[in-house]
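Engineer: Sharing my_file02.tsv, TSV, C-alpha atoms:
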chain	number	residue	atom	x	y	z
A	777	MET	CA	-27.83	-15.59	-7.82
A	778	ASP	CA	-26.84	-13.80	-11.05
A	779	ILE	CA	-26.14	-10.33	-9.67
A	780	TYR	CA	-25.43	-8.90	-13.12
A	781	ARG	CA	-28.85	-9.94	-14.38
A	782	GLU	CA	-30.44	-8.23	-11.37
A	783	GLN	CA	-28.30	-5.15	-11.94
A	784	GLU	CA	-29.44	-4.92	-15.54
A	785	SER	CA	-33.04	-5.02	-14.32
A	786	GLY	CA	-32.25	-1.91	-12.25
A	787	GLU	CA	-32.33	-3.51	-8.80
A	788	PHE	CA	-28.89	-2.14	-7.95
A	789	LEU	CA	-25.99	-0.45	-9.71
A	790	ILE	CA	-22.50	-1.62	-10.61
A	791	LEU	CA	-20.71	1.72	-11.11
A	792	SER	CA	-20.96	5.33	-9.93
A	793	ILE	CA	-18.96	7.91	-11.92
A	794	ILE	CA	-18.39	11.14	-9.97
A	795	ILE	CA	-17.50	14.43	-11.68
A	796	ALA	CA	-16.61	17.57	-9.74
A	797	ALA	CA	-17.47	20.41	-12.11
A	798	TYR	CA	-16.34	23.99	-11.54
A	799	ASN	CA	-16.78	26.48	-14.41
A	800	ALA	CA	-16.77	23.53	-16.80
A	801	GLU	CA	-19.33	24.64	-19.38
A	802	ARG	CA	-16.79	24.47	-22.26
A	803	THR	CA	-15.43	20.96	-21.56
A	804	LEU	CA	-18.11	18.99	-19.72
A	805	GLY	CA	-19.98	18.08	-22.92
A	806	ARG	CA	-16.96	16.25	-24.35
A	807	LEU	CA	-16.64	14.14	-21.19
A	808	VAL	CA	-20.34	13.24	-21.07
A	809	LYS	CA	-20.28	12.37	-24.78
A	810	SER	CA	-17.34	10.02	-24.19
A	811	ILE	CA	-19.43	8.27	-21.51
A	812	ALA	CA	-22.49	8.08	-23.76
A	813	ASP	CA	-20.31	6.59	-26.51
A	814	GLN	CA	-19.47	3.64	-24.22
A	815	ARG	CA	-23.06	2.45	-24.85
A	816	LEU	CA	-23.58	0.95	-21.40
A	817	ASN	CA	-26.99	-0.16	-20.22
A	818	ARG	CA	-28.26	2.83	-18.22
A	819	CYS	CA	-29.45	0.44	-15.50
A	820	VAL	CA	-25.91	-0.58	-14.52
A	821	TYR	CA	-24.32	2.80	-13.79
A	822	GLU	CA	-24.95	6.38	-12.71
A	823	LEU	CA	-23.20	9.63	-13.55
A	824	ILE	CA	-23.09	12.05	-10.61
A	825	ILE	CA	-22.17	15.62	-11.55
A	826	VAL	CA	-21.45	17.92	-8.60
A	827	ASN	CA	-21.65	21.57	-9.69
A	828	ASP	CA	-19.14	23.13	-7.29
A	829	GLY	CA	-20.55	26.64	-7.10
A	830	SER	CA	-19.72	27.46	-10.72
A	831	THR	CA	-20.08	31.09	-11.81
A	832	ASP	CA	-20.36	30.39	-15.55
A	833	GLY	CA	-23.01	28.41	-17.42
A	834	THR	CA	-22.11	24.99	-15.96
A	835	ALA	CA	-25.56	24.50	-14.37
A	836	GLU	CA	-27.31	25.21	-17.67
A	837	GLU	CA	-24.85	22.97	-19.52
A	838	ILE	CA	-25.65	20.05	-17.20
A	839	GLU	CA	-29.37	20.48	-17.88
A	840	ALA	CA	-28.71	20.61	-21.63
A	841	LEU	CA	-26.62	17.43	-21.41
A	842	GLN	CA	-29.42	15.67	-19.54
A	843	ARG	CA	-31.75	16.46	-22.43
A	844	MET	CA	-29.20	15.62	-25.13
A	845	TYR	CA	-28.06	12.30	-23.63
A	846	SER	CA	-31.24	10.83	-22.20
A	847	MET	CA	-29.59	7.39	-22.34
A	848	VAL	CA	-27.05	8.52	-19.70
A	849	PRO	CA	-28.40	8.39	-16.12
A	850	ILE	CA	-27.19	11.82	-14.97
A	851	LYS	CA	-27.75	12.89	-11.38
A	852	LYS	CA	-26.84	16.49	-10.57
A	853	VAL	CA	-26.43	18.56	-7.46
A	854	THR	CA	-25.22	22.13	-6.92
A	855	ILE	CA	-23.25	23.00	-3.79
A	856	PRO	CA	-21.49	26.15	-2.52
A	857	ASN	CA	-17.93	26.27	-3.83
A	858	SER	CA	-16.00	23.72	-1.76
A	859	GLY	CA	-13.07	22.81	-3.98
A	860	VAL	CA	-12.54	19.52	-5.77
A	861	CYS	CA	-12.17	17.57	-2.50
A	862	GLY	CA	-15.48	18.79	-1.09
A	863	ALA	CA	-17.27	18.21	-4.39
A	864	ARG	CA	-15.97	14.66	-4.73
A	865	ASN	CA	-16.85	13.89	-1.12
A	866	ARG	CA	-20.40	15.06	-1.77
A	867	GLY	CA	-20.51	12.76	-4.78
A	868	ILE	CA	-19.39	9.82	-2.64
A	869	THR	CA	-22.32	10.37	-0.27
A	870	MET	CA	-24.70	10.21	-3.25
A	871	ALA	CA	-23.16	7.13	-4.88
A	872	LYS	CA	-25.08	3.83	-4.99
A	873	GLY	CA	-22.84	1.71	-7.22
A	874	GLN	CA	-20.76	-1.26	-6.11
A	875	TYR	CA	-17.74	0.53	-7.59
A	876	ILE	CA	-16.83	4.22	-7.63
A	877	THR	CA	-14.63	6.10	-10.08
A	878	PHE	CA	-13.94	9.78	-10.68
A	879	ALA	CA	-13.48	11.92	-13.79
A	880	ASP	CA	-12.16	15.46	-14.22
A	881	SER	CA	-14.50	17.74	-16.14
A	882	ASP	CA	-11.87	18.73	-18.73
A	883	ASP	CA	-10.84	15.15	-19.58
A	884	TYR	CA	-12.61	12.28	-21.35
A	885	TYR	CA	-12.75	8.48	-21.63
A	886	GLY	CA	-11.12	6.51	-24.42
A	887	ASP	CA	-12.99	3.88	-26.40
A	888	GLY	CA	-14.16	0.86	-24.46
A	889	VAL	CA	-12.92	1.88	-21.02
A	890	LEU	CA	-16.18	1.44	-19.13
A	891	GLN	CA	-17.31	-1.65	-21.04
A	892	CYS	CA	-13.93	-3.29	-20.35
A	893	ALA	CA	-14.31	-2.36	-16.69
A	894	MET	CA	-17.78	-3.93	-16.48
A	895	ASN	CA	-16.53	-7.15	-18.06
A	896	THR	CA	-13.53	-7.21	-15.72
A	897	PHE	CA	-15.72	-6.69	-12.64
A	898	ARG	CA	-17.82	-9.64	-13.75
A	899	LYS	CA	-14.80	-11.89	-14.31
A	900	PHE	CA	-12.88	-10.93	-11.15
A	901	PRO	CA	-15.44	-9.81	-8.52
A	902	ASP	CA	-13.00	-10.36	-5.64
A	903	VAL	CA	-10.46	-7.73	-6.79
A	904	GLU	CA	-10.91	-4.58	-4.69
A	905	LEU	CA	-8.91	-1.95	-6.58
A	906	TRP	CA	-8.49	-1.60	-10.34
A	907	LYS	CA	-6.10	0.73	-12.18
A	908	TYR	CA	-5.53	1.37	-15.88
A	909	GLY	CA	-3.50	3.57	-18.25
A	910	ASN	CA	-3.88	7.02	-19.71
A	911	ILE	CA	-2.99	9.23	-22.64
A	912	GLU	CA	-1.53	12.57	-21.56
A	913	HIS	CA	-2.25	15.50	-23.87
A	914	TYR	CA	0.15	18.44	-23.41
A	915	PHE	CA	-1.22	21.93	-24.08
A	916	GLU	CA	0.32	25.38	-23.89
A	917	HIS	CA	-1.66	28.55	-24.61
A	918	GLY	CA	-4.45	26.41	-26.06
A	919	THR	CA	-2.22	24.55	-28.53
A	920	GLU	CA	-1.59	20.82	-28.18
A	921	LEU	CA	2.16	20.16	-28.08
A	922	GLY	CA	1.85	16.38	-28.28
A	923	ASN	CA	0.61	13.39	-26.35
A	924	ARG	CA	2.01	10.34	-24.61
A	925	LYS	CA	0.44	6.95	-23.95
A	926	ASN	CA	1.05	5.33	-20.55
A	927	ASP	CA	-0.04	1.69	-20.40
A	928	VAL	CA	-0.02	-0.84	-17.57
A	929	PRO	CA	0.51	-4.61	-17.65
A	930	GLY	CA	-2.62	-6.66	-17.09
A	931	THR	CA	-2.06	-8.25	-13.70
A	932	ILE	CA	-3.71	-9.11	-10.38
A	933	VAL	CA	-1.97	-9.38	-7.00
A	934	TYR	CA	-3.32	-10.53	-3.66
A	935	THR	CA	-0.70	-9.52	-1.06
A	936	PRO	CA	0.11	-6.15	0.55
A	937	LYS	CA	3.74	-6.37	-0.59
A	938	ALA	CA	2.80	-6.97	-4.22
A	939	SER	CA	0.24	-4.16	-4.04
A	940	VAL	CA	2.91	-1.73	-2.84
A	941	ASP	CA	5.23	-2.89	-5.62
A	942	ILE	CA	2.53	-2.08	-8.21
A	943	MET	CA	2.05	1.32	-6.59
A	944	LEU	CA	5.77	2.12	-6.78
A	945	ASP	CA	5.98	1.05	-10.42
A	946	MET	CA	2.93	3.12	-11.37
A	947	GLU	CA	4.05	6.22	-9.46
A	948	LYS	CA	7.17	6.38	-11.59
A	949	VAL	CA	4.98	7.56	-14.50
A	950	PRO	CA	3.04	8.66	-12.32
A	951	LEU	CA	-0.22	6.71	-12.58
A	952	PHE	CA	-1.10	5.26	-9.19
A	953	GLY	CA	-1.89	8.53	-7.45
A	954	TYR	CA	-4.66	9.60	-9.81
A	955	VAL	CA	-8.25	8.66	-9.02
A	956	TRP	CA	-9.66	9.03	-12.54
A	957	ASN	CA	-7.93	5.83	-13.73
A	958	SER	CA	-9.20	3.83	-10.77
A	959	PHE	CA	-12.19	1.78	-9.71
A	960	TYR	CA	-12.80	1.45	-5.97
A	961	LYS	CA	-15.22	-0.78	-4.05
A	962	ARG	CA	-17.74	1.55	-2.45
A	963	HIS	CA	-18.20	-0.57	0.65
A	964	ILE	CA	-14.49	-0.23	1.53
A	965	ILE	CA	-14.69	3.55	1.11
A	966	GLU	CA	-17.70	3.64	3.42
A	967	ILE	CA	-16.49	1.15	6.06
A	968	PHE	CA	-13.19	2.98	6.54
A	969	ASN	CA	-14.62	6.47	5.91
A	970	ILE	CA	-12.09	7.24	3.18
A	971	ARG	CA	-12.52	10.79	1.93
A	972	PHE	CA	-10.56	13.48	0.10
A	973	SER	CA	-8.70	16.00	2.22
A	974	GLY	CA	-7.76	19.52	1.14
A	975	ALA	CA	-4.81	19.36	3.56
A	976	TYR	CA	-2.65	17.84	0.80
A	977	ILE	CA	-1.69	19.05	-2.66
A	978	MET	CA	-1.54	15.35	-3.60
A	979	GLU	CA	-5.11	14.66	-2.48
A	980	ASP	CA	-5.65	12.05	-5.22
A	981	PHE	CA	-2.64	10.03	-4.08
A	982	MET	CA	-3.61	10.17	-0.43
A	983	PHE	CA	-7.12	8.94	-1.22
A	984	SER	CA	-5.75	5.99	-3.23
A	985	PHE	CA	-3.06	5.26	-0.64
A	986	LYS	CA	-5.51	5.22	2.27
A	987	TYR	CA	-7.71	2.90	0.24
A	988	LEU	CA	-4.78	0.62	-0.66
A	989	LYS	CA	-4.03	0.05	3.03
A	990	HIS	CA	-7.51	-1.45	3.49
A	991	CYS	CA	-7.85	-3.61	0.38
A	992	SER	CA	-6.56	-7.14	-0.11
A	993	SER	CA	-6.10	-7.20	-3.90
A	994	VAL	CA	-5.11	-4.92	-6.78
A	995	GLY	CA	-5.54	-5.42	-10.50
A	996	THR	CA	-4.50	-3.49	-13.60
A	997	MET	CA	-6.36	-3.37	-16.93
A	998	LYS	CA	-4.16	-3.27	-20.02
A	999	GLY	CA	-5.04	-1.52	-23.28
A	1000	ILE	CA	-7.65	1.03	-22.15
A	1001	TYR	CA	-6.97	4.73	-21.64
A	1002	TYR	CA	-8.28	7.80	-19.89
A	1003	HIS	CA	-7.47	11.01	-21.78
A	1004	TYR	CA	-5.84	13.47	-19.40
A	1005	MET	CA	-5.47	17.13	-20.42
A	1006	LEU	CA	-2.29	18.78	-19.10
A	1007	GLU	CA	-2.19	22.56	-19.41
A	1008	MET	CA	1.51	23.37	-19.09
A	1009	ASP	CA	0.78	27.06	-18.41
A	1010	LYS	CA	-2.17	26.50	-16.07
A	1011	GLU	CA	-2.02	27.67	-12.46
A	1012	SER	CA	-2.58	24.33	-10.72
A	1013	LEU	CA	-3.01	23.83	-7.00
A	1014	SER	CA	0.51	22.42	-6.75
A	1015	LYS	CA	1.90	25.65	-8.23
A	1016	GLN	CA	0.11	27.64	-5.53
A	1017	PHE	CA	2.04	25.63	-2.92
A	1018	GLU	CA	5.43	25.64	-4.65
A	1019	SER	CA	7.23	26.96	-1.56
A	1020	GLN	CA	5.96	23.92	0.37
A	1021	TYR	CA	6.47	21.41	-2.45
A	1022	TYR	CA	9.35	19.51	-0.84
A	1023	GLU	CA	7.63	19.24	2.55
A	1024	MET	CA	4.34	18.08	1.03
A	1025	TYR	CA	5.81	15.42	-1.26
A	1026	ARG	CA	8.35	14.37	1.34
A	1027	LEU	CA	5.31	13.51	3.47
A	1028	LYS	CA	4.02	11.30	0.65
A	1029	VAL	CA	7.28	9.33	0.54
A	1030	ALA	CA	7.37	9.11	4.34
A	1031	HIS	CA	3.84	7.62	4.39
A	1032	ILE	CA	4.89	4.94	1.90
A	1033	TYR	CA	8.12	4.19	3.80
A	1034	GLN	CA	6.30	3.84	7.12
A	1035	TYR	CA	3.71	1.53	5.57
A	1036	MET	CA	6.43	-0.63	3.98
A	1037	LYS	CA	8.05	-0.97	7.39
A	1038	ALA	CA	4.69	-1.68	9.07
A	1039	ILE	CA	3.99	-4.65	6.77
A	1040	ASP	CA	7.60	-5.83	7.12
A	1041	ILE	CA	8.81	-5.34	3.56
A	1042	GLN	CA	12.52	-6.17	3.43
A	1043	ASP	CA	13.02	-6.20	-0.34
A	1044	ASN	CA	15.89	-3.83	-1.18
A	1045	ALA	CA	14.69	-3.49	-4.77
A	1046	MET	CA	11.42	-1.97	-3.53
A	1047	TYR	CA	13.27	0.51	-1.33
A	1048	ARG	CA	15.38	1.47	-4.35
A	1049	LYS	CA	12.14	2.23	-6.22
A	1050	LEU	CA	11.01	4.41	-3.31
A	1051	ALA	CA	14.37	6.20	-3.24
A	1052	ASP	CA	14.01	6.84	-6.98
A	1053	LEU	CA	10.59	8.39	-6.35
A	1054	TYR	CA	12.07	10.54	-3.58
A	1055	VAL	CA	14.82	11.79	-5.92
A	1056	ARG	CA	12.18	12.82	-8.46
A	1057	TYR	CA	10.44	14.93	-5.80
A	1058	ILE	CA	13.74	16.48	-4.74
A	1059	TYR	CA	14.31	17.45	-8.37
A	1060	SER	CA	10.79	18.93	-8.65
A	1061	SER	CA	11.22	20.96	-5.46
A	1062	LEU	CA	14.56	22.35	-6.67
A	1063	GLU	CA	13.23	23.08	-10.16
A	1064	ARG	CA	10.41	25.17	-8.67
A	1065	ILE	CA	12.77	27.49	-6.76
A	1066	GLN	CA	13.25	30.74	-8.65
A	1067	ASP	CA	16.25	33.07	-8.31
A	1068	SER	CA	14.08	35.67	-6.55
A	1069	GLU	CA	12.94	33.36	-3.75
A	1070	ILE	CA	14.21	33.62	-0.18
A	1071	ILE	CA	15.62	30.09	-0.08
A	1072	SER	CA	18.10	29.18	-2.82
A	1073	ARG	CA	18.46	25.81	-4.47
A	1074	ARG	CA	21.76	25.27	-2.69
A	1075	GLU	CA	20.15	26.02	0.67
A	1076	ARG	CA	17.34	23.59	-0.11
A	1077	LEU	CA	19.94	20.90	-0.82
A	1078	GLN	CA	21.51	21.56	2.58
A	1079	GLU	CA	18.07	20.97	4.13
A	1080	VAL	CA	17.77	17.71	2.22
A	1081	TRP	CA	21.16	16.51	3.50
A	1082	GLN	CA	19.89	16.98	7.08
A	1083	ASP	CA	16.53	15.28	6.49
A	1084	CYS	CA	16.09	11.97	8.34
A	1085	LEU	CA	14.12	10.62	5.36
A	1086	TYR	CA	17.09	11.35	3.09
A	1087	ARG	CA	19.36	9.50	5.48
A	1088	VAL	CA	17.26	6.33	5.53
A	1089	LEU	CA	16.79	6.30	1.73
A	1090	ARG	CA	20.32	7.40	0.78
A	1091	PRO	CA	21.74	3.81	0.80
A	1092	TYR	CA	19.14	2.86	-1.84
A	1093	MET	CA	19.95	5.73	-4.24
A	1094	CYS	CA	21.62	4.32	-7.35
A	1095	LEU	CA	23.51	5.90	-10.24
A	1096	SER	CA	22.05	4.93	-13.63
A	1097	ALA	CA	22.15	6.08	-17.25
A	1098	SER	CA	18.97	8.22	-17.10
A	1099	LEU	CA	19.01	11.90	-16.10
A	1100	ILE	CA	17.13	11.07	-12.90
A	1101	GLY	CA	19.57	8.19	-12.31
A	1102	ILE	CA	22.53	10.57	-12.67
A	1103	LEU	CA	20.87	13.00	-10.26
A	1104	SER	CA	20.32	10.13	-7.82
A	1105	GLY	CA	24.05	9.33	-7.81
A	1106	LEU	CA	24.99	12.97	-7.35
A	1107	LEU	CA	22.56	13.37	-4.46
A	1108	LYS	CA	23.78	10.20	-2.81
A	1109	TYR	CA	27.34	11.55	-2.59
A	1110	HIS	CA	26.45	15.18	-1.70
A	1111	LEU	CA	27.81	16.54	-4.99
A	1112	SER	CA	25.88	19.80	-4.87
A	1113	ALA	CA	27.33	21.52	-7.95
A	1114	GLY	CA	26.75	18.47	-10.14
A	1115	ALA	CA	23.24	17.95	-8.75
A	1116	LEU	CA	22.28	21.59	-9.43
A	1117	PHE	CA	23.65	21.39	-12.98
A	1118	CYS	CA	21.65	18.19	-13.55
A	1119	VAL	CA	18.50	19.94	-12.28
A	1120	HIS	CA	19.17	22.78	-14.74
A	1121	LEU	CA	19.61	20.30	-17.60
A	1122	ILE	CA	16.38	18.41	-16.81
A	1123	SER	CA	14.52	21.73	-16.49
A	1124	PHE	CA	15.79	22.77	-19.93
A	1125	VAL	CA	14.34	19.58	-21.43
A	1126	LYS	CA	11.06	20.15	-19.58
A	1127	ARG	CA	10.68	23.72	-20.87
A	1128	HIS	CA	11.57	23.00	-24.48
A	1129	CYS	CA	10.11	19.52	-25.06
A	1130	ALA	CA	7.30	18.51	-22.71
A	1131	VAL	CA	6.74	15.10	-24.34
A	1132	LEU	CA	10.44	14.20	-24.18
A	1133	PHE	CA	10.47	15.31	-20.54
A	1134	ALA	CA	7.53	13.00	-19.79
A	1135	THR	CA	9.50	10.14	-21.34
A	1136	PHE	CA	12.54	10.91	-19.18
A	1137	LYS	CA	10.33	11.20	-16.12
A	1138	SER	CA	8.93	7.68	-16.49
A	1139	ARG	CA	12.34	6.01	-16.84
Have the structure of the file written as structure tokens, please.
Structural biologist:
Amino acid sequence: MDIYREQESGEFLILSIIIAAYNAERTLGRLVKSIADQRLNRCVYELIIVNDGSTDGTAEEIEALQRMYSMVPIKKVTIPNSGVCGARNRGITMAKGQYITFADSDDYYGDGVLQCAMNTFRKFPDVELWKYGNIEHYFEHGTELGNRKNDVPGTIVYTPKASVDIMLDMEKVPLFGYVWNSFYKRHIIEIFNIRFSGAYIMEDFMFSFKYLKHCSSVGTMKGIYYHYMLEMDKESLSKQFESQYYEMYRLKVAHIYQYMKAIDIQDNAMYRKLADLYVRYIYSSLERIQDSEIISRRERLQEVWQDCLYRVLRPYMCLSASLIGILSGLLKYHLSAGALFCVHLISFVKRHCAVLFATFKSR
């Protein structure tokens, strides 16, 4: 049976794209246009826009986009404000496609992303999770500071160990934890009841990680890009939880470590990658502590020294030539003064050159 021929006749769908839209009247049009520009047959996909209790003109904008882009099969629903997790979960319940992906209302797709995905699904129907690259656009006070392209190698793996290795490599950027550069098999999401949870500030990562534990293969698509808008001065959810940053991201590393142990990974190189990720989160938690806060950076370091997760990952921390590599060596040997100076130096780079900081971060 040629399932793609039947899909083109409208019997069933290949892809569901879910957008959670909250007060998105200014940016939603650009995203929908980028989807229309992919020139997909409207019979093979659906665009589900969940209006998450917007108080601006988002509802009217969606209706205008339906009229403007009649070739795009837009399905819309309005719900009481539930946050991005609730809106995405509602979209999942509406989805009918074999694959599901997500898009943020202030971002957009690069040329050929969805067509490449369709061709890849056809060629490798057994692969259960697909990831691809992005272009990060850095903005401050409405002005673009620069952009950075993050690509992935085109590869397919079929073992849990290799899948975790891909995850660790991608999180260094980071790329794995996002859901907008991912294509998931809907039946796996439904069978294992995988949903977004507002209990985490890294809800995207936890969704992808829970999914990874239930899929048997992972592939990456090289040379296509999702355009991700990063407002450097925007009050993100992670900023609202800055006082809990270490605890929340420590939990992320602990989940990965426990899973690596559960599937009997004994590769020291992979544990070194995890330790490197942990060091990056330690840096981020220290960088977020302001002079006026109750706990000082030095006190936070003392907490880290006592953490059982630090103790199990400490042997895998390695000194290297990068700023994060230097910080890793300083943390490994409890050199507090040097570690705090290194945090200050990295923070200086972050404040004064966002693109350069992103380059440091991925090394």
Engineer: Excluding same-chain residues fewer than 4 positions from Ala1051 of chain A, what lies within 12 Å of it counting only C-alpha atoms, as a VMD selection string?
Structural biologist: chain A and resid 944 948 1026 1029 to 1030 1032 to 1033 1044 to 1047 1055 to 1058 1085 to 1095 1100 to 1101 1103 to 1105 1107 to 1108
Engineer: So what do you get for atom CA of Tyr954 of chain A versus atom CA of Cys819 of chain A, distance-wise?
Structural biologist: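 If I compute the distance from atom CA of Tyr954 of chain A to atom CA of Cys819 of chain A, I get 27.0 Å.
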Engineer: Tell me which protein, DNA and RNA residues are within 10 Å of Ala1115 of chain A, counting all atoms listed in the file, leaving out same-chain ones fewer than 4 positions away, and put them as a list in words.
Structural biologist: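 Answer for this query is Tyr1059, Leu1062, Arg1074, Leu1077, Ile1102, Leu1103, Ser1104, Gly1105, Leu1106, Leu1107, Lys1108, Tyr1109, His1110, Leu1111, Val1119, His1120 and Leu1121 of chain A.
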Engineer: If you count all atoms listed in the file, which residues fall within 6 Å of Tyr960 of chain A, apart from same-chain ones fewer than 4 positions away, as number ranges by chain?
Structural biologist: A: 875-876, 905
Engineer: Between atom CA of Leu1006 of chain A and atom CA of Asn926 of chain A, what distance in Å does the model show, to one decimal?
Structural biologist: 13.9 Å
Engineer: Do a neighbour search on Phe968 of chain A at 10 Å with all atoms listed in the file, toss out local chain neighbours closer than 4 positions, and write the hits as a PyMOL selection string.
Structural biologist: chain A and resi 963-964+986-987+990
Engineer: Quick one: of A:Arg1048, A:Arg864, A:Lys961, A:Arg806, who's nearest to Gly974 of chain A, counting all atoms listed in the file?
Structural biologist: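 Checking each candidate against Gly974 of chain A, we get A:Arg864 as the closest.
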Engineer: Could you please determine the separation between atom CA of Cys861 of chain A and atom CA of His917 of chain A in Å, to one decimal place?
Structural biologist: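 If I compute the distance from atom CA of Cys861 of chain A to atom CA of His917 of chain A, I get 26.8 Å.
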Engineer: From the options A:Leu789, A:Leu890, A:Ile850, A:Ala840, which residue's atoms come nearest to Asp813 of chain A, counting all atoms listed in the file?
Structural biologist: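 Selected residue with least distance to Asp813 of chain A: A:Leu890.
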Engineer: Could you check the closest approach to Asn817 of chain A for each of A:Met894, A:Ser1112, A:Glu801, A:Val853 and tell me which residue wins, using all atoms listed in the file?
Structural biologist: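 Once distances to Asn817 of chain A are computed over all atoms listed in the file, the minimum belongs to A:Met894.
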